[in-house]
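Just below is one structure, and these are the notes that go with it.
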Amino acid sequence: MSEKITEPTILRKISRFFSPIKSNLSITFYLVIYFIAQYSFWIIFIFFVKDVTYSFEVKNQELFQQLLLQYGLWFIVMFFIVFSLYKWWTYSYNRYRISIESYYIPRYIVFDNTVQERIWTGKSIAIISKWIKMWSTLIDRVLIECISLIMSVWISFYLLSQINNILILILTILLTFWASLGLYLNYKVLWLRKKRIMLDNIWSKNLVKIIMSKIEILQSKKIWEEVKKLNELHEWQIVYNQKMAIFLVPFFLVWSFIIAILLFFVFHYFWKLYFSWDISLWYIAGLTWALLMMQSVFFNFLDFLKNFWKDFAEVQVFWDFFDTTPQIQGYEEWITFNHKNGTIELKNLSFGYDENNLIFKNFSLKLQWENVTAFVGPSGWGKSTLVKLIAGYIRANRWEIIIDGQKLSKTSLKSYYRDIGYLNQEPSVFDGTVRENLLYALSEEIPENTMKTFIYQAHADFIYDLPQWLDTEIWERGVKLSGGQKQRLAIAKIFLKNPKIIILDEPTSALDSISEKHITKAMHNLFKNRTVLVIAHRLQTVKHADDIIVIENGKLLERWTHKELVKMKWFYNEMLELQSWF
């Protein structure tokens, strides 16, 4: 019987929210001091108004001048204190973000790739880039809003306590009830906020679709159909906003009105005392500024509380994303892979992204070490999935894959990946210099001559025609390079990594004939003394393979060399005839 997963309590969620503070206690301490010092300007100003009003009331010009000098010095001192502490505010913001990223980014990288391939990439980018920043910023906002509220209440209560403690008791009861009700109502609408966030994600997905498919939408005359989908999502958001308003509008509006009425009676009470000569004008002046400041802080806090729960709901979506996505099993903790000279063997392998719709079922295959093995067949018949299983990038439902006599299910994938070189239609290049791309997989620097040798073997000597050679920036996804140049750069990276198993997933399918010629020469240099698995639609690129395997709907249909398969005149031969240029 499966264990029931319970929803975390609000206290556990709040504890998790403040967890970055636990790893940055010293930074948080200085940050709190900074906020207190910053808000102390207002406290000093209230006492300044109170004392200056007293000097007016007693008509003491000498006292007035002394107060101006005294408080002027205080303001200057506080300015330098706040200025000196300002660096802690900027530093703390980055520290919270560093703590969050240091914990969650590694978890994302080791997400189970089988599951990750089902997740929309845009969703992952939005969640990680947007909500890590939101979380760290929100912690900062909570601290400053809470400190401003506490200090404004404290100075108001302090001044009230000098006249009437009953008012303090009444105000305390009202504030406690208001805070408890606010927490309860906002917690009740969290599920509505989550629904609204899900709609935001779907809206973003549809917007990406519109941007990426602009030409097709124009050709299909689907402009208003796509706009209608976006508008429907907004209509649903309005529905959820209306449902939330039933809970929140009374809280924010009614309690704002109650606080205003309360302050009115407080002012009325103390001005009545003043006219009866029971208190002085200077006391009224200070208390008035304190109460007005507290009212302003309360209204700001109400607005912050509304936004906090909205953002907190989004942070929970971030948590749910990480809590529900499984991680790769056996990435570090299992047996280290040791390369030998053996075979690749698949025994009774079953796999499907949906367990009710398996791509492979009880599939068995044995591949010879240091051979070039080609997988051919129409798209969607399982070729790419098969090599990803062999590479350990995705994990079979039921299986045994034996590499070099070692079970992949018991092998540390981290050690195994060192012996895997993977190249597909979208070569692995990133925003940075050519040098950074080439050396990314290496743990130490290599001599310039060695690098140059591998660059020429990969037919990537175009690098030396670039403006700054190895130090040329190639920008995001290598946009400054052509498709063929990116592929040759990726091949040079594989040469430098020197893996024992090379996987090529249709690496030349998107290239012109000239580029394909250069890539083919580079790959032939790469194949020496390595086990190579090639997926190709263009049979010209695999005719020299040692072993050609035809895959049909997750099953092995034909297997032989090019010459023997042509003689058999089965499916492979039919594919050749259709490719008339071959």
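We name chains A, B, ... following the order of the structure tokens; residues begin at 1 in each chain, and ligands are numbered from 1 as shown.
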- Write out as a list in words which residues come within 10 Å of Lys497 (chain A) when counting only C-alpha atoms, dropping same-chain ones fewer than 6 positions away.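 So, after excluding close chain neighbours, the residues are Arg418, Asp419, Ile420, Gly421, Leu438, Leu439, Tyr440, Ala441, Leu442, Ser443 and Ile491 of chain A.
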- Message: Which residues are close to Lys195 (chain A), i.e. within 12 Å by only C-alpha atoms, leaving aside same-chain residues fewer than 3 positions away? Reply as number ranges by chain.
- Response: A: 189-192, 198-202, 233, 236-241, 243-244, 310, 313-314, 316-317
- Where does DSSP see alpha helix (DSSP H) in region 452-490 of chain A, if you list the residues as a ChimeraX atom specification? /A:452-457,483-490
- Any idea what's packed within 9 Å of region 134-150 of chain A, counting only C-alpha atoms, ignoring anything in its chain fewer than 6 positions away? Could you give it as a PyMOL selection string? chain A and resi 17-18+20-21+31-32+35-36+39+89+92-98+100+294+297-298+300-301+304+308+311-312+314-315
Can I get the selected residues back with C-alpha atoms, as a PDB file, in the first residue's frame?
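Once everything was written out, this is out.pdb:
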ATOM      1  CA  PHE A  17      10.480  29.981   2.961  1.00  0.00           C
ATOM      2  CA  PHE A  18      12.889  31.415   5.543  1.00  0.00           C
ATOM      3  CA  PRO A  20      17.927  30.745   3.230  1.00  0.00           C
ATOM      4  CA  ILE A  21      18.175  32.927   6.340  1.00  0.00           C
ATOM      5  CA  LEU A  31      20.644  43.438   7.325  1.00  0.00           C
ATOM      6  CA  VAL A  32      18.222  43.828  10.252  1.00  0.00           C
ATOM      7  CA  PHE A  35      16.733  48.355   8.297  1.00  0.00           C
ATOM      8  CA  ILE A  36      16.434  49.444  11.937  1.00  0.00           C
ATOM      9  CA  TYR A  39      13.789  53.434   9.938  1.00  0.00           C
ATOM     10  CA  TRP A  89      21.611  45.255   1.902  1.00  0.00           C
ATOM     11  CA  SER A  92      22.472  40.055   1.501  1.00  0.00           C
ATOM     12  CA  TYR A  93      20.213  40.045  -1.552  1.00  0.00           C
ATOM     13  CA  ASN A  94      22.836  38.165  -3.531  1.00  0.00           C
ATOM     14  CA  ARG A  95      23.646  35.872  -0.600  1.00  0.00           C
ATOM     15  CA  TYR A  96      20.040  34.655  -0.298  1.00  0.00           C
ATOM     16  CA  ARG A  97      19.922  34.069  -4.023  1.00  0.00           C
ATOM     17  CA  ILE A  98      23.256  32.215  -3.969  1.00  0.00           C
ATOM     18  CA  ILE A 100      18.802  29.106  -3.165  1.00  0.00           C
ATOM     19  CA  MET A 294       1.726  53.859  11.959  1.00  0.00           C
ATOM     20  CA  VAL A 297       2.907  51.721   7.588  1.00  0.00           C
ATOM     21  CA  PHE A 298      -0.244  49.654   8.176  1.00  0.00           C
ATOM     22  CA  ASN A 300       1.668  49.727   3.137  1.00  0.00           C
ATOM     23  CA  PHE A 301       1.815  46.478   5.076  1.00  0.00           C
ATOM     24  CA  PHE A 304       2.576  44.144   0.908  1.00  0.00           C
ATOM     25  CA  PHE A 308       3.322  38.574  -0.461  1.00  0.00           C
ATOM     26  CA  ASP A 311       4.287  35.741  -4.658  1.00  0.00           C
ATOM     27  CA  PHE A 312       4.381  33.090  -1.931  1.00  0.00           C
ATOM     28  CA  GLU A 314       4.369  31.244  -6.922  1.00  0.00           C
ATOM     29  CA  VAL A 315       7.295  30.193  -4.738  1.00  0.00           C
TER      30      VAL A 315
END
- Task: Compile the contact shell of Leu423 (chain A) as number ranges by chain: residues with an atom at most 9 Å away, counting only C-alpha atoms, same-chain residues fewer than 2 positions apart removed.
- Result: A: 421, 425-428, 487, 490-491, 494, 502-507
Resulting file, chosen residues, N, CA and C atoms, as a compact mmCIF listing (two decimals), in the first residue's frame:
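To be explicit, this is the file written out as selection20.txt:
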# COMPACT_ATOMS: atom_id res chain seq x y z
N GLY A 421 30.46 10.52 -25.68
CA GLY A 421 30.45 11.74 -26.49
C GLY A 421 29.18 11.75 -27.32
N GLN A 425 21.67 16.99 -34.02
CA GLN A 425 21.45 18.09 -34.97
C GLN A 425 21.74 19.45 -34.35
N GLU A 426 21.48 19.57 -33.03
CA GLU A 426 21.73 20.81 -32.30
C GLU A 426 23.01 20.64 -31.49
N PRO A 427 24.16 21.00 -32.02
CA PRO A 427 25.43 20.74 -31.33
C PRO A 427 25.52 21.47 -30.00
N SER A 428 26.25 20.88 -29.09
CA SER A 428 26.38 21.41 -27.73
C SER A 428 27.41 22.54 -27.69
N GLN A 487 28.89 22.31 -35.72
CA GLN A 487 29.07 20.86 -35.65
C GLN A 487 30.55 20.50 -35.55
N ALA A 490 31.77 21.23 -32.15
CA ALA A 490 31.30 20.20 -31.22
C ALA A 490 32.13 18.92 -31.35
N ILE A 491 32.52 18.58 -32.58
CA ILE A 491 33.37 17.40 -32.79
C ILE A 491 34.74 17.62 -32.16
N ILE A 494 34.56 16.87 -28.59
CA ILE A 494 34.57 15.43 -28.32
C ILE A 494 35.99 14.87 -28.43
N ILE A 502 31.01 6.97 -28.82
CA ILE A 502 30.54 8.13 -29.55
C ILE A 502 29.12 7.86 -30.04
N ILE A 503 28.21 8.79 -29.76
CA ILE A 503 26.83 8.67 -30.23
C ILE A 503 26.54 9.86 -31.13
N LEU A 504 26.13 9.57 -32.37
CA LEU A 504 25.83 10.59 -33.35
C LEU A 504 24.38 10.44 -33.78
N ASP A 505 23.56 11.41 -33.42
CA ASP A 505 22.12 11.35 -33.73
C ASP A 505 21.81 12.32 -34.86
N GLU A 506 21.87 11.77 -36.10
CA GLU A 506 21.59 12.55 -37.31
C GLU A 506 22.36 13.87 -37.32
N PRO A 507 23.67 13.84 -37.15
CA PRO A 507 24.45 15.08 -37.01
C PRO A 507 24.55 15.90 -38.28
Give me the region 356-435 of chain A side of the contact with region 547-563 of chain A, cut-off 6 Å, one line per residue showing its nearest atom pair and distance in Å at one decimal, counting only C-alpha atoms, sorted by chain and residue number, as a tab-separated table.
residue	atom	partner	partner_atom	distance
A:Ile359	CA	A:Gly554	CA	5.4
A:Phe360	CA	A:Gly554	CA	4.8
A:Thr373	CA	A:Asp547	CA	4.7
A:Ala374	CA	A:Ile548	CA	4.7
A:Phe375	CA	A:Ile549	CA	4.9
A:Val376	CA	A:Val550	CA	5.0
A:Gly377	CA	A:Ile551	CA	5.5
A:Trp381	CA	A:Asn553	CA	4.5
A:Gly382	CA	A:Gly554	CA	5.4
Would you save the residues of that selection, restricted to C-alpha atoms, as a compact mmCIF listing (two decimals), in the first residue's frame?
# COMPACT_ATOMS: atom_id res chain seq x y z
CA ILE A 359 8.37 1.97 -27.36
CA PHE A 360 10.50 -1.12 -26.59
CA THR A 373 27.06 0.59 -35.68
CA ALA A 374 24.37 2.45 -37.61
CA PHE A 375 20.68 2.58 -36.66
CA VAL A 376 18.37 3.39 -39.56
CA GLY A 377 14.64 3.53 -40.11
CA TRP A 381 10.54 4.21 -34.56
CA GLY A 382 12.76 4.40 -31.47
- Task: Please identify all polymer residues within 12 Å of region 78-87 of chain A, counting only C-alpha atoms, omitting same-chain residues fewer than 2 positions from it, and present them as a count of residues only.
- Result: 30
- Message: Report, in Å to a single decimal, how far apart CA of Trp369 (chain A) and CA of Lys452 (chain A) are.
- Response: 28.7 Å
- Message: List the spatial neighbours of Leu230 (chain A) as a ChimeraX atom specification - criterion: any atom at most 8 Å away, only C-alpha atoms, same-chain residues fewer than 6 positions off excluded.
- Response: /A:203,206-207
- Interatomic distance, CA of Leu159 (chain A) to CA of Ile284 (chain A) (Å, one decimal):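 Pair CA of Leu159 (chain A) / CA of Ile284 (chain A) returns 9.5 Å.
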- What does the distance between CA of Ala522 (chain A) and CA of His459 (chain A) come to in Å, to one decimal place? 5.7 Å
- Surrounding residues of Tyr416 (chain A) excluding itself and chain neighbours under 3 positions, 9 Å, only C-alpha atoms, as a list in words: Thr336, Phe337, Asn338, His339, Ala391, Gly392, Leu408, Thr411, Ser412, Leu413, Asp419 and Ile420 of chain A
